[in-house]
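I have placed the structure first, in the form of structure tokens, so that the comments after it can refer back to it.
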Amino acid sequence: MIRFGLLGCGRISKRHSELLGNGQIEGARLVAVCDKIKARAEAVAAKFSVPAFDDVNEFLARSDVDAVAVLTPSGMHPEHTIACARAGKHVVVEKPMALRLQDADDMIRACDEAGVKLFVVKQNRFNVPVVKTREALDAGRFGRLILGTVRVRWCRDQAYYDQDAWRGTWAYDGGVLTNQASHHIDMLEWFFGDVVSVHARATTALVKIETEDTAVATLKFRNGALGIIEATTAVRPKDLEGSLSILGEKGTVEIAGFAVNQIRHWNFVDALPSDQVVVEKFSVNPPNVYGFGHQAYYQHVVDCLLNQRAALVDGLQGRKSLELISALYESIETGQEVALRFEPRRSKLGVPS
């Protein structure tokens, strides 16, 4: 049994606490929660009959906590992850793992030195439609990859950003590319491989925040494919989609829905009898506001911890995604195409105003 504690009891904690607190993850249970706002911690703790803390050190001193889900604002992930590692706790950290590459390196180093595992939450990789598409990719059914596109067309109004002072800030959150679209950007890179260069533009269209609410970008992949990112929280009056399109010389797949949870197109030059099964049985996941793979993701984490297996998204994978996002911001600031690998110079991400 892996005993989990939650560090951070804000909006995202609902899904994590329900899965761990209601016994939906085999081999895992919730044993404690912590938030600097004591009332938040107590509200979550009361639902699952576990102790609540507002002091991180006191929370981490508990011997009955094996692993901690770090659900605090993104800019606070590094200090909290490092504290967890030094306390001997395995870490499951929400996306993005950090806002600066140096912080990501420090987190990876701290976990390595402490001998604990670091997992970065990328639950959409476990969506059933995504899993089936990945299987098709690994089987070579797409042939040479040509073009990949992700679209995040969501609604986040001023009231959303006003919920907490850290939202929409460079130091603690980042904009639509860092927060809402980070899963989709990771998905694009996961399917298409290493990125050679990016060129991006952004604007803050409808809300009063430091960061962007709308961005577009083009990508060049090492394998010769091209990529497009379209991300906005300026859709009104409600969310439209979170989608991924993969175009190859031998096939095309589009996964759409709210959060890459529904196969919209599944077409291959060399059709297989199993294609109809995929469309009929595996094309849709049940809805959830934070995506659709949290349960499978946590089951994967438990399996890795109990059976010493490698994580699908460890610290290095999380850093790779962050490097791409950092390059997008560098391009936004400079107006130039930015090559990977690079050293951030103008990117505002993670820097206090």
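In the structure tokens, the first chain shown is A, the next is B, and so on; residue numbers restart at 1 for each chain, and ligands run from 1 in the order shown.
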> Quick one: DSSP alpha helix (DSSP H) residues in range 42-269 of chain A, as a PyMOL selection string?
Replying inline: chain A and resi 42-48+56-60+77-86+101-114+128-138+158-161+182-192
Residues of range 90-171 of chain A within 9 Å of range 343-351 of chain A: nearest atom pair and distance (Å, one decimal) for each, counting only C-alpha atoms, sorted by chain and number, as a Markdown table?
| residue | atom | partner | partner_atom | distance |
| --- | --- | --- | --- | --- |
| A:Ala98 | CA | A:Gly350 | CA | 8.2 |
| A:Leu99 | CA | A:Gly350 | CA | 4.9 |
| A:Arg100 | CA | A:Gly350 | CA | 5.8 |
| A:Leu101 | CA | A:Pro344 | CA | 8.6 |
| A:Thr169 | CA | A:Gly350 | CA | 8.5 |
| A:Trp170 | CA | A:Leu349 | CA | 5.0 |
| A:Ala171 | CA | A:Gly350 | CA | 4.1 |
Could you list, with a cut-off of 12 Å and counting only C-alpha atoms, the residues of range 287-329 of chain A near range 220-232 of chain A, each shown with its nearest atom pair and the distance in Å rounded to one decimal, rows sorted by chain and ascending number, as a Markdown table?
| residue | atom | partner | partner_atom | distance |
| --- | --- | --- | --- | --- |
| A:Leu324 | CA | A:Phe221 | CA | 11.6 |
| A:Ile325 | CA | A:Ile229 | CA | 11.1 |
| A:Leu328 | CA | A:Ile229 | CA | 10.1 |
Saved selection, atoms kept: N, CA, C and O atoms, as a PDB file, in the first residue's frame:
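Below is the file out.pdb, written as the result:
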ATOM      1  N   LEU A 324      10.561  22.914 -24.209  1.00  0.00           N
ATOM      2  CA  LEU A 324       9.811  23.335 -25.393  1.00  0.00           C
ATOM      3  C   LEU A 324       8.949  24.554 -25.081  1.00  0.00           C
ATOM      4  O   LEU A 324       8.910  25.520 -25.852  1.00  0.00           O
ATOM      5  N   ILE A 325       8.266  24.523 -23.943  1.00  0.00           N
ATOM      6  CA  ILE A 325       7.431  25.663 -23.559  1.00  0.00           C
ATOM      7  C   ILE A 325       8.284  26.909 -23.352  1.00  0.00           C
ATOM      8  O   ILE A 325       7.922  28.019 -23.769  1.00  0.00           O
ATOM      9  N   LEU A 328       9.082  28.465 -26.627  1.00  0.00           N
ATOM     10  CA  LEU A 328       7.942  29.208 -27.175  1.00  0.00           C
ATOM     11  C   LEU A 328       7.906  30.622 -26.601  1.00  0.00           C
ATOM     12  O   LEU A 328       7.692  31.601 -27.333  1.00  0.00           O
TER      13      LEU A 328
END
> Taking the backbone alone, and naming residues the way the document does, which bits of range 91-213 of chain A are strand (DSSP E or B) by DSSP, as a list in words?
Replying inline: Val91, Val92, Val93, Leu118, Phe119, Val120, Leu145, Ile146, Leu147, Gly148, Thr149, Val150, Arg151, Val152, Arg153, Cys155, Val195, Val196, Ser197, Val198, His199, Ala200, Arg201, Ala202 and Thr203 of chain A
> Of the candidates A:Asn124, A:Ala139, A:Lys14, A:Asp164, which shows the shortest atom-to-atom distance to Ile37 in chain A, using only C-alpha atoms?
Replying inline: A:Asp164
